[in-house]
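Novice: One file: coords-v5.cif (mmCIF, C-alpha atoms, pLDDT in the B column; chains and numbers go by the auth columns).
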```
data_start
loop_
_atom_site.group_PDB
_atom_site.id
_atom_site.type_symbol
_atom_site.label_atom_id
_atom_site.label_comp_id
_atom_site.label_asym_id
_atom_site.label_seq_id
_atom_site.Cartn_x
_atom_site.Cartn_y
_atom_site.Cartn_z
_atom_site.B_iso_or_equiv
_atom_site.auth_seq_id
_atom_site.auth_asym_id
ATOM 1 C CA ASP A 1 0.000 0.000 0.000 69.00 13 Q
ATOM 2 C CA GLN A 2 1.507 3.280 -1.159 80.00 14 Q
ATOM 3 C CA GLN A 3 2.031 5.550 1.844 89.00 15 Q
ATOM 4 C CA VAL A 4 3.567 8.364 -0.172 93.00 16 Q
ATOM 5 C CA LYS A 5 1.636 9.412 -3.246 94.00 17 Q
ATOM 6 C CA GLN A 6 2.560 11.625 -6.143 95.00 18 Q
ATOM 7 C CA ASN A 7 -0.601 11.725 -8.187 92.00 19 Q
ATOM 8 C CA SER A 8 0.763 13.636 -11.157 94.00 20 Q
ATOM 9 C CA PRO A 9 3.047 11.409 -13.235 93.00 21 Q
ATOM 10 C CA SER A 10 4.181 14.342 -15.350 95.00 22 Q
ATOM 11 C CA LEU A 11 4.240 18.122 -15.478 97.00 23 Q
ATOM 12 C CA SER A 12 5.243 20.532 -18.224 98.00 24 Q
ATOM 13 C CA VAL A 13 6.201 24.138 -17.430 98.00 25 Q
ATOM 14 C CA GLN A 14 7.640 26.978 -19.454 97.00 26 Q
ATOM 15 C CA GLU A 15 11.102 28.247 -18.623 97.00 27 Q
ATOM 16 C CA GLY A 16 10.971 31.088 -16.113 97.00 28 Q
ATOM 17 C CA ARG A 17 7.616 30.050 -14.694 98.00 29 Q
ATOM 18 C CA ILE A 18 6.910 28.328 -11.389 98.00 30 Q
ATOM 19 C CA SER A 19 6.870 24.527 -11.152 98.00 31 Q
ATOM 20 C CA ILE A 20 4.752 23.046 -8.374 98.00 32 Q
ATOM 21 C CA LEU A 21 5.104 19.370 -7.590 98.00 33 Q
ATOM 22 C CA ASN A 22 2.728 17.817 -5.110 98.00 34 Q
ATOM 23 C CA CYS A 23 2.958 14.932 -2.688 98.00 35 Q
ATOM 24 C CA ASP A 24 0.482 13.379 -0.263 97.00 36 Q
ATOM 25 C CA TYR A 25 1.112 10.908 2.513 96.00 37 Q
ATOM 26 C CA THR A 26 -1.087 8.687 4.617 94.00 38 Q
ATOM 27 C CA ASN A 27 1.072 7.707 7.595 90.00 39 Q
ATOM 28 C CA SER A 28 0.793 10.236 10.421 91.00 40 Q
ATOM 29 C CA MET A 29 4.014 8.840 11.912 89.00 41 Q
ATOM 30 C CA PHE A 30 6.088 10.420 9.149 91.00 42 Q
ATOM 31 C CA ASP A 31 8.036 13.331 10.589 89.00 43 Q
ATOM 32 C CA TYR A 32 10.642 14.178 8.009 92.00 44 Q
ATOM 33 C CA PHE A 33 10.172 14.714 4.301 95.00 45 Q
ATOM 34 C CA LEU A 34 12.623 14.911 1.432 95.00 46 Q
ATOM 35 C CA TRP A 35 12.660 15.634 -2.267 96.00 47 Q
ATOM 36 C CA TYR A 36 15.055 13.896 -4.624 96.00 48 Q
ATOM 37 C CA LYS A 37 15.825 14.690 -8.243 96.00 49 Q
ATOM 38 C CA LYS A 38 16.683 11.972 -10.722 93.00 50 Q
ATOM 39 C CA TYR A 39 18.027 12.049 -14.263 92.00 51 Q
ATOM 40 C CA PRO A 40 17.634 8.979 -16.508 87.00 52 Q
ATOM 41 C CA ALA A 41 20.051 6.110 -15.786 83.00 53 Q
ATOM 42 C CA GLU A 42 21.479 7.912 -12.740 88.00 54 Q
ATOM 43 C CA GLY A 43 20.929 7.629 -9.028 91.00 55 Q
ATOM 44 C CA PRO A 44 18.637 10.179 -7.345 92.00 56 Q
ATOM 45 C CA THR A 45 20.270 13.154 -5.673 93.00 57 Q
ATOM 46 C CA PHE A 46 19.015 14.892 -2.570 93.00 58 Q
ATOM 47 C CA LEU A 47 17.382 18.242 -3.235 96.00 59 Q
ATOM 48 C CA ILE A 48 15.685 19.640 -0.147 95.00 60 Q
ATOM 49 C CA SER A 49 14.021 18.440 3.040 94.00 61 Q
ATOM 50 C CA ILE A 50 11.650 19.607 5.744 95.00 62 Q
ATOM 51 C CA SER A 51 10.963 18.546 9.287 93.00 63 Q
ATOM 52 C CA SER A 52 7.422 18.143 10.534 92.00 64 Q
ATOM 53 C CA ILE A 53 7.970 20.974 13.004 92.00 65 Q
ATOM 54 C CA LYS A 54 8.252 23.423 10.124 95.00 66 Q
ATOM 55 C CA ASP A 55 5.847 24.426 7.391 96.00 67 Q
ATOM 56 C CA LYS A 56 8.348 25.871 4.945 97.00 68 Q
ATOM 57 C CA ASN A 57 11.952 25.398 3.969 96.00 69 Q
ATOM 58 C CA GLU A 58 13.713 27.375 1.275 97.00 70 Q
ATOM 59 C CA ASP A 59 16.966 26.778 -0.563 95.00 71 Q
ATOM 60 C CA GLY A 60 17.650 29.076 -3.461 97.00 72 Q
ATOM 61 C CA ARG A 61 15.085 28.469 -6.201 97.00 73 Q
ATOM 62 C CA PHE A 62 13.576 25.540 -4.311 98.00 74 Q
ATOM 63 C CA THR A 63 10.970 25.797 -1.559 98.00 75 Q
ATOM 64 C CA VAL A 64 9.148 22.971 0.138 98.00 76 Q
ATOM 65 C CA PHE A 65 5.857 23.569 1.919 98.00 77 Q
ATOM 66 C CA LEU A 66 4.344 21.181 4.426 97.00 78 Q
ATOM 67 C CA ASN A 67 0.680 21.086 5.482 97.00 79 Q
ATOM 68 C CA LYS A 68 0.536 18.519 8.260 95.00 80 Q
ATOM 69 C CA SER A 69 -3.200 18.677 8.786 95.00 81 Q
ATOM 70 C CA ALA A 70 -3.759 17.849 5.120 97.00 82 Q
ATOM 71 C CA LYS A 71 -0.819 15.412 5.004 97.00 83 Q
ATOM 72 C CA HIS A 72 0.400 17.261 1.951 97.00 84 Q
ATOM 73 C CA LEU A 73 3.657 18.755 0.820 97.00 85 Q
ATOM 74 C CA SER A 74 4.700 20.564 -2.290 98.00 86 Q
ATOM 75 C CA LEU A 75 7.931 21.546 -3.994 98.00 87 Q
ATOM 76 C CA HIS A 76 8.077 24.924 -5.701 98.00 88 Q
ATOM 77 C CA ILE A 77 10.775 25.721 -8.230 98.00 89 Q
ATOM 78 C CA VAL A 78 11.051 29.402 -9.173 97.00 90 Q
ATOM 79 C CA PRO A 79 12.106 30.264 -11.792 97.00 91 Q
ATOM 80 C CA SER A 80 12.100 26.939 -13.623 98.00 92 Q
ATOM 81 C CA GLN A 81 15.061 26.204 -15.869 97.00 93 Q
ATOM 82 C CA PRO A 82 15.529 23.584 -18.618 96.00 94 Q
ATOM 83 C CA GLY A 83 18.134 21.835 -16.438 95.00 95 Q
ATOM 84 C CA ASP A 84 15.394 21.205 -13.892 97.00 96 Q
ATOM 85 C CA SER A 85 13.830 18.685 -16.273 97.00 97 Q
ATOM 86 C CA ALA A 86 14.036 15.411 -14.365 96.00 98 Q
ATOM 87 C CA VAL A 87 11.966 13.042 -12.284 95.00 99 Q
ATOM 88 C CA TYR A 88 11.271 14.318 -8.781 97.00 100 Q
ATOM 89 C CA PHE A 89 10.641 11.888 -5.953 96.00 101 Q
ATOM 90 C CA CYS A 90 8.970 12.767 -2.705 96.00 102 Q
ATOM 91 C CA ALA A 91 10.071 10.685 0.301 94.00 103 Q
ATOM 92 C CA ALA A 92 8.946 10.428 3.903 92.00 104 Q
ATOM 93 C CA SER A 93 10.637 9.127 6.998 88.00 105 Q
ATOM 94 C CA ALA A 94 9.567 7.965 10.434 83.00 106 Q
ATOM 95 C CA ILE A 95 11.767 6.831 13.300 74.00 107 Q
ATOM 96 C CA THR A 96 10.821 3.189 12.850 66.00 108 Q
ATOM 97 C CA TYR A 97 10.652 2.989 9.072 68.00 109 Q
ATOM 98 C CA ALA A 98 13.105 3.015 6.231 75.00 110 Q
ATOM 99 C CA LEU A 99 12.569 5.868 3.795 84.00 111 Q
ATOM 100 C CA ASN A 100 9.321 5.650 1.782 87.00 112 Q
ATOM 101 C CA PHE A 101 9.292 7.018 -1.758 91.00 113 Q
ATOM 102 C CA GLY A 102 6.484 8.155 -4.024 93.00 114 Q
ATOM 103 C CA LYS A 103 6.277 7.065 -7.663 92.00 115 Q
ATOM 104 C CA GLY A 104 7.787 10.289 -8.930 94.00 116 Q
ATOM 105 C CA THR A 105 6.711 13.199 -11.121 96.00 117 Q
ATOM 106 C CA SER A 106 8.470 13.801 -14.410 96.00 118 Q
ATOM 107 C CA LEU A 107 9.040 17.538 -14.887 97.00 119 Q
ATOM 108 C CA LEU A 108 9.699 18.979 -18.324 98.00 120 Q
ATOM 109 C CA VAL A 109 10.754 22.611 -18.548 97.00 121 Q
ATOM 110 C CA THR A 110 10.362 23.935 -22.062 96.00 122 Q
ATOM 111 C CA PRO A 111 12.222 26.951 -23.495 91.00 123 Q
ATOM 112 C CA ASP B 1 36.408 10.462 -3.640 58.00 13 F
ATOM 113 C CA GLY B 2 33.666 9.513 -1.214 67.00 14 F
ATOM 114 C CA GLY B 3 30.624 7.788 -2.557 93.00 15 F
ATOM 115 C CA ILE B 4 28.745 4.662 -3.488 96.00 16 F
ATOM 116 C CA THR B 5 29.975 2.400 -6.261 95.00 17 F
ATOM 117 C CA GLN B 6 27.684 -0.063 -7.966 96.00 18 F
ATOM 118 C CA SER B 7 28.852 -2.677 -10.429 94.00 19 F
ATOM 119 C CA PRO B 8 28.265 -3.724 -13.047 94.00 20 F
ATOM 120 C CA LYS B 9 26.401 -0.861 -14.689 93.00 21 F
ATOM 121 C CA TYR B 10 24.755 -3.220 -17.175 94.00 22 F
ATOM 122 C CA LEU B 11 24.131 -6.916 -16.675 93.00 23 F
ATOM 123 C CA PHE B 12 22.371 -9.540 -18.731 91.00 24 F
ATOM 124 C CA ARG B 13 21.085 -12.700 -17.148 89.00 25 F
ATOM 125 C CA LYS B 14 19.640 -15.822 -18.618 89.00 26 F
ATOM 126 C CA GLU B 15 16.428 -17.084 -17.126 86.00 27 F
ATOM 127 C CA GLY B 16 17.065 -19.470 -14.273 86.00 28 F
ATOM 128 C CA GLN B 17 20.403 -17.964 -13.312 90.00 29 F
ATOM 129 C CA ASN B 18 21.290 -16.138 -10.140 93.00 30 F
ATOM 130 C CA VAL B 19 23.169 -12.876 -10.451 94.00 31 F
ATOM 131 C CA THR B 20 24.857 -10.681 -7.851 96.00 32 F
ATOM 132 C CA LEU B 21 25.009 -6.890 -7.957 97.00 33 F
ATOM 133 C CA SER B 22 27.846 -5.278 -6.072 97.00 34 F
ATOM 134 C CA CYS B 23 27.559 -2.180 -3.883 98.00 35 F
ATOM 135 C CA GLU B 24 30.470 -0.583 -2.030 97.00 36 F
ATOM 136 C CA GLN B 25 30.487 2.650 -0.018 97.00 37 F
ATOM 137 C CA ASN B 26 33.341 4.569 1.556 96.00 38 F
ATOM 138 C CA LEU B 27 31.166 7.059 3.420 95.00 39 F
ATOM 139 C CA ASN B 28 31.452 5.154 6.716 95.00 40 F
ATOM 140 C CA HIS B 29 27.670 4.812 6.784 94.00 41 F
ATOM 141 C CA ASP B 30 26.034 2.214 8.988 94.00 42 F
ATOM 142 C CA ALA B 31 22.841 1.837 6.941 94.00 43 F
ATOM 143 C CA MET B 32 22.652 0.504 3.407 95.00 44 F
ATOM 144 C CA TYR B 33 19.713 -0.145 1.103 95.00 45 F
ATOM 145 C CA TRP B 34 18.674 -1.713 -2.170 96.00 46 F
ATOM 146 C CA TYR B 35 15.867 -0.187 -4.204 95.00 47 F
ATOM 147 C CA ARG B 36 14.352 -1.232 -7.478 94.00 48 F
ATOM 148 C CA GLN B 37 12.952 1.181 -10.039 91.00 49 F
ATOM 149 C CA ASP B 38 10.417 0.160 -12.654 89.00 50 F
ATOM 150 C CA PRO B 39 8.654 2.564 -15.023 79.00 51 F
ATOM 151 C CA GLY B 40 5.747 4.200 -13.220 75.00 52 F
ATOM 152 C CA GLN B 41 6.544 2.390 -9.972 80.00 53 F
ATOM 153 C CA GLY B 42 8.939 4.773 -8.327 84.00 54 F
ATOM 154 C CA LEU B 43 11.538 3.414 -5.938 90.00 55 F
ATOM 155 C CA ARG B 44 10.613 0.262 -4.076 91.00 56 F
ATOM 156 C CA LEU B 45 12.650 -1.018 -1.155 92.00 57 F
ATOM 157 C CA ILE B 46 14.025 -4.545 -1.506 95.00 58 F
ATOM 158 C CA TYR B 47 16.249 -4.936 1.557 95.00 59 F
ATOM 159 C CA TYR B 48 17.996 -2.688 4.017 94.00 60 F
ATOM 160 C CA SER B 49 20.688 -3.134 6.620 95.00 61 F
ATOM 161 C CA GLN B 50 21.097 -1.015 9.732 92.00 62 F
ATOM 162 C CA ILE B 51 24.433 -2.471 10.736 94.00 63 F
ATOM 163 C CA VAL B 52 26.928 -5.183 9.852 95.00 64 F
ATOM 164 C CA ASN B 53 25.533 -8.732 9.987 95.00 65 F
ATOM 165 C CA ASP B 54 21.970 -7.444 10.126 94.00 66 F
ATOM 166 C CA PHE B 55 19.393 -6.845 7.406 95.00 67 F
ATOM 167 C CA GLN B 56 15.622 -6.569 7.041 94.00 68 F
ATOM 168 C CA LYS B 57 13.228 -7.231 4.216 94.00 69 F
ATOM 169 C CA GLY B 58 11.677 -4.304 2.462 91.00 70 F
ATOM 170 C CA ASP B 59 8.444 -4.198 0.498 88.00 71 F
ATOM 171 C CA ILE B 60 9.511 -6.505 -2.351 93.00 72 F
ATOM 172 C CA ALA B 61 12.123 -8.888 -0.917 95.00 73 F
ATOM 173 C CA GLU B 62 10.815 -12.073 -2.532 95.00 74 F
ATOM 174 C CA GLY B 63 13.324 -13.540 -4.974 95.00 75 F
ATOM 175 C CA TYR B 64 16.228 -11.515 -3.593 97.00 76 F
ATOM 176 C CA SER B 65 18.917 -12.129 -0.997 97.00 77 F
ATOM 177 C CA VAL B 66 21.561 -9.920 0.613 98.00 78 F
ATOM 178 C CA SER B 67 24.509 -10.139 2.966 97.00 79 F
ATOM 179 C CA ARG B 68 26.284 -7.551 5.094 97.00 80 F
ATOM 180 C CA GLU B 69 29.581 -9.045 6.179 97.00 81 F
ATOM 181 C CA LYS B 70 31.456 -5.759 5.973 96.00 82 F
ATOM 182 C CA LYS B 71 30.332 -2.217 6.714 97.00 83 F
ATOM 183 C CA GLU B 72 31.380 -1.075 3.261 97.00 84 F
ATOM 184 C CA SER B 73 29.662 -3.763 1.233 98.00 85 F
ATOM 185 C CA PHE B 74 26.034 -4.782 0.669 98.00 86 F
ATOM 186 C CA PRO B 75 25.727 -7.132 -2.332 98.00 87 F
ATOM 187 C CA LEU B 76 22.328 -8.054 -3.724 98.00 88 F
ATOM 188 C CA THR B 77 21.667 -11.455 -5.304 97.00 89 F
ATOM 189 C CA VAL B 78 18.773 -11.697 -7.719 95.00 90 F
ATOM 190 C CA THR B 79 17.754 -15.319 -7.650 93.00 91 F
ATOM 191 C CA SER B 80 15.925 -17.403 -10.215 86.00 92 F
ATOM 192 C CA ALA B 81 12.888 -17.161 -7.938 84.00 93 F
ATOM 193 C CA GLN B 82 12.449 -13.490 -8.845 86.00 94 F
ATOM 194 C CA LYS B 83 9.709 -13.591 -11.476 85.00 95 F
ATOM 195 C CA ASN B 84 10.331 -10.261 -13.145 88.00 96 F
ATOM 196 C CA PRO B 85 13.915 -9.194 -12.464 91.00 97 F
ATOM 197 C CA THR B 86 14.449 -6.835 -15.379 93.00 98 F
ATOM 198 C CA ALA B 87 14.763 -3.406 -13.739 93.00 99 F
ATOM 199 C CA PHE B 88 17.074 -0.601 -12.656 94.00 100 F
ATOM 200 C CA TYR B 89 18.611 -1.371 -9.266 96.00 101 F
ATOM 201 C CA LEU B 90 19.805 1.344 -6.903 95.00 102 F
ATOM 202 C CA CYS B 91 22.022 0.919 -3.880 96.00 103 F
ATOM 203 C CA ALA B 92 22.017 3.611 -1.221 95.00 104 F
ATOM 204 C CA SER B 93 23.470 4.386 2.175 95.00 105 F
ATOM 205 C CA SER B 94 22.911 6.728 5.093 92.00 106 F
ATOM 206 C CA ILE B 95 24.564 7.441 8.429 91.00 107 F
ATOM 207 C CA THR B 96 21.777 5.579 10.194 84.00 108 F
ATOM 208 C CA VAL B 97 18.429 4.220 9.042 82.00 109 F
ATOM 209 C CA GLN B 98 16.633 7.059 10.863 79.00 110 F
ATOM 210 C CA ILE B 99 16.478 9.759 8.216 79.00 111 F
ATOM 211 C CA LEU B 100 16.333 13.083 10.028 75.00 112 F
ATOM 212 C CA SER B 101 17.828 16.500 9.659 72.00 113 F
ATOM 213 C CA GLY B 102 21.510 16.107 8.924 72.00 114 F
ATOM 214 C CA ASN B 103 21.159 12.534 7.700 79.00 115 F
ATOM 215 C CA THR B 104 19.956 11.776 4.219 86.00 116 F
ATOM 216 C CA ILE B 105 20.222 8.854 1.843 90.00 117 F
ATOM 217 C CA TYR B 106 22.894 8.879 -0.827 92.00 118 F
ATOM 218 C CA PHE B 107 22.463 6.780 -3.950 94.00 119 F
ATOM 219 C CA GLY B 108 24.817 5.001 -6.282 95.00 120 F
ATOM 220 C CA GLU B 109 24.605 5.359 -10.055 94.00 121 F
ATOM 221 C CA GLY B 110 22.466 2.250 -10.461 94.00 122 F
ATOM 222 C CA SER B 111 22.718 -1.080 -12.258 95.00 123 F
ATOM 223 C CA TRP B 112 20.579 -2.177 -15.190 94.00 124 F
ATOM 224 C CA LEU B 113 19.646 -5.838 -15.096 94.00 125 F
ATOM 225 C CA THR B 114 18.068 -7.431 -18.153 93.00 126 F
ATOM 226 C CA VAL B 115 16.864 -11.009 -18.330 88.00 127 F
ATOM 227 C CA VAL B 116 17.330 -12.567 -21.750 84.00 128 F
#
```
As structure tokens, please, write out the structure in this file.

Specialist:
Amino acid sequence: DQQVKQNSPSLSVQEGRISILNCDYTNSMFDYFLWYKKYPAEGPTFLISISSIKDKNEDGRFTVFLNKSAKHLSLHIVPSQPGDSAVYFCAASAITYALNFGKGTSLLVTP
Amino acid sequence: DGGITQSPKYLFRKEGQNVTLSCEQNLNHDAMYWYRQDPGQGLRLIYYSQIVNDFQKGDIAEGYSVSREKKESFPLTVTSAQKNPTAFYLCASSITVQILSGNTIYFGEGSWLTVV
């Protein structure tokens, strides 16, 4: 049973615009959330994370928002660049579980 | 250079054969993991190990086996019992299995396994 859900398999955004990737989770024990970026035939790389005690974390063009009551988080990329085209995985962690990943959202940033 | 090394990058296996994927890390991490990626399936956990000589099944362990005899090494054997082994396999490690602020998972470059 998928505990971390990314319901949009793909997203296309114009260069310079905002990209918003969404993630929902079902397990209320999750207390730490991460986003990973993955290019084809490579391993995922860590992008940004947020603890459940926060509702926002920002790192340059990337911001993650967490809504605990809705069990929802989102990744905002502003402005989007062609190099951001990749698959983005949402992941969630709890003290007693290994990291849980969503199915990923493929982002395409067009010129 | 610190990191995770997976080998081979590409591997072909005949049906009915076992095959072992190598994973070595020099990050001094206690925890190591194997994930499998299939199109549209995301990353699914096969096995993980919190410490040497210990490992636990993940969500899709059937048809796979692992060992953790050394801290640096966590090889994955895909046995003939695995019904659909063709996939992209990712090894990963972290300081501990509890992923919190200051501790994230680092991935290797992956290994493609194709059954012919």

Novice: So what do you get for atom CA of F:Leu33 versus atom CA of F:Arg48, distance-wise?

Specialist: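 Calculated distance between atom CA of F:Leu33 and atom CA of F:Arg48 is 12.1 Å.
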
Novice: If the PyMOL selection byres ((chain Q) within 9 of (chain F)) were run on this exact file, what residues would it hold? Put them as a list in words.

Specialist: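 Taken over the shown coordinates, the PyMOL selection byres ((chain Q) within 9 of (chain F)) returns Pro21, Asp43, Tyr44, Phe45, Leu46, Ala53, Glu54, Gly55, Pro56, Thr57, Phe58, Ser61, Ile62, Ser63, Phe101, Ala104, Ser105, Ala106, Ile107, Thr108, Tyr109, Ala110, Leu111, Asn112, Phe113, Gly114, Lys115 and Gly116 of chain Q.
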
Novice: Enter the distance from atom CA of Q:Ser64 to atom CA of Q:Asp96, in Å, rounded to one decimal.

Specialist: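 Interatomic distance, atom CA of Q:Ser64 to atom CA of Q:Asp96: 25.9 Å.
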
Novice: Q:Ser20: which residues within 8 Å, counting all atoms listed in the file, same-chain residues fewer than 2 positions away excluded, as a list in words?

Specialist: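 Counting all atoms listed in the file, the residues come to Gln18, Ser22, Leu23, Asn34 and Thr117 of chain Q.
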
Novice: Restricting the calculation to all atoms listed in the file, which member of Q:Tyr100, Q:Tyr37, Q:Phe42, Q:Trp47 is positioned closest to Q:Ile65?

Specialist: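 Distance minimum relative to Q:Ile65 lands on Q:Phe42.
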
Novice: Taking all atoms listed in the file into account, name the residue in F:Ile16, F:Cys35, F:Ile63, F:Met44 that is nearest to F:Ser106.

Specialist: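 Smallest separation from F:Ser106 among the options: F:Met44.
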
Novice: Please evaluate the PyMOL selection byres ((chain F and resi 125) around 7) against the displayed coordinates and give the resulting residues as a list of chain:residue names.

Specialist: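 Selection result, ordered by chain and number: F:Tyr22, F:Leu23, F:Phe24, F:Thr98, F:Ala99, F:Phe100, F:Ser123, F:Trp124, F:Thr126, F:Val127.
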
Novice: Expanded to explicit residues, what is the PyMOL selection byres ((chain Q and resi 67) around 6) for this file, as a PyMOL selection string?

Specialist: chain Q and resi 66+68+77-78

Novice: Around the point (8.9, 26.8, -8.4), in the coordinates given by the file, pick out the residues reaching within 6 Å, counting all atoms listed in the file, and return them as a list in words.

Specialist: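 Looking at atoms near the point gives Ile30, Ser31, Ile32, His88, Ile89, Val90 and Pro91 of chain Q.
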
Novice: Please write the residues from the selection above to a file, keeping C-alpha atoms, as a JSON list (two decimals), in the coordinates of the input.

Specialist:
```
[["chain", "number", "residue", "atom", "x", "y", "z"],
["Q", 30, "ILE", "CA", 6.91, 28.33, -11.39],
["Q", 31, "SER", "CA", 6.87, 24.53, -11.15],
["Q", 32, "ILE", "CA", 4.75, 23.05, -8.37],
["Q", 88, "HIS", "CA", 8.08, 24.92, -5.70],
["Q", 89, "ILE", "CA", 10.78, 25.72, -8.23],
["Q", 90, "VAL", "CA", 11.05, 29.40, -9.17],
["Q", 91, "PRO", "CA", 12.11, 30.26, -11.79]]
```

Novice: Between atom CA of F:Asn40 and atom CA of Q:Ala103, measure the distance and give it in Å to one decimal.

Specialist: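 Separation between atom CA of F:Asn40 and atom CA of Q:Ala103: 23.0 Å.
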
Novice: Which residues, written as a list in words, have at least one atom at most 10 Å from F:Leu39, with only C-alpha atoms counted and residues fewer than 3 positions away on the same chain left out?

Specialist: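 Skipping anything fewer than 3 positions along the chain leaves Asp13, Gly14, Gly15, Ile16, Glu36, Asp42, Lys83, Glu84, Ser105, Ser106, Ile107 and Tyr118 of chain F.
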
Novice: Set the distance at 10 Å and use all atoms listed in the file: which residues neighbour F:Gly75 once local chain neighbours fewer than 2 positions away are removed? I'd like the list as an mmCIF file with C-alpha atoms, in the coordinates of the input.

Specialist:
```
data_model
loop_
_atom_site.group_PDB
_atom_site.id
_atom_site.type_symbol
_atom_site.label_atom_id
_atom_site.label_comp_id
_atom_site.auth_asym_id
_atom_site.auth_seq_id
_atom_site.Cartn_x
_atom_site.Cartn_y
_atom_site.Cartn_z
ATOM 1 C CA ASN F 30 21.290 -16.138 -10.140
ATOM 2 C CA ILE F 58 14.025 -4.545 -1.506
ATOM 3 C CA ILE F 72 9.511 -6.505 -2.351
ATOM 4 C CA ALA F 73 12.123 -8.888 -0.917
ATOM 5 C CA SER F 77 18.917 -12.129 -0.997
ATOM 6 C CA THR F 89 21.667 -11.455 -5.304
ATOM 7 C CA VAL F 90 18.773 -11.697 -7.719
ATOM 8 C CA THR F 91 17.754 -15.319 -7.650
ATOM 9 C CA SER F 92 15.925 -17.403 -10.215
ATOM 10 C CA ALA F 93 12.888 -17.161 -7.938
ATOM 11 C CA GLN F 94 12.449 -13.490 -8.845
ATOM 12 C CA LYS F 95 9.709 -13.591 -11.476
ATOM 13 C CA ASN F 96 10.331 -10.261 -13.145
ATOM 14 C CA PRO F 97 13.915 -9.194 -12.464
#
```
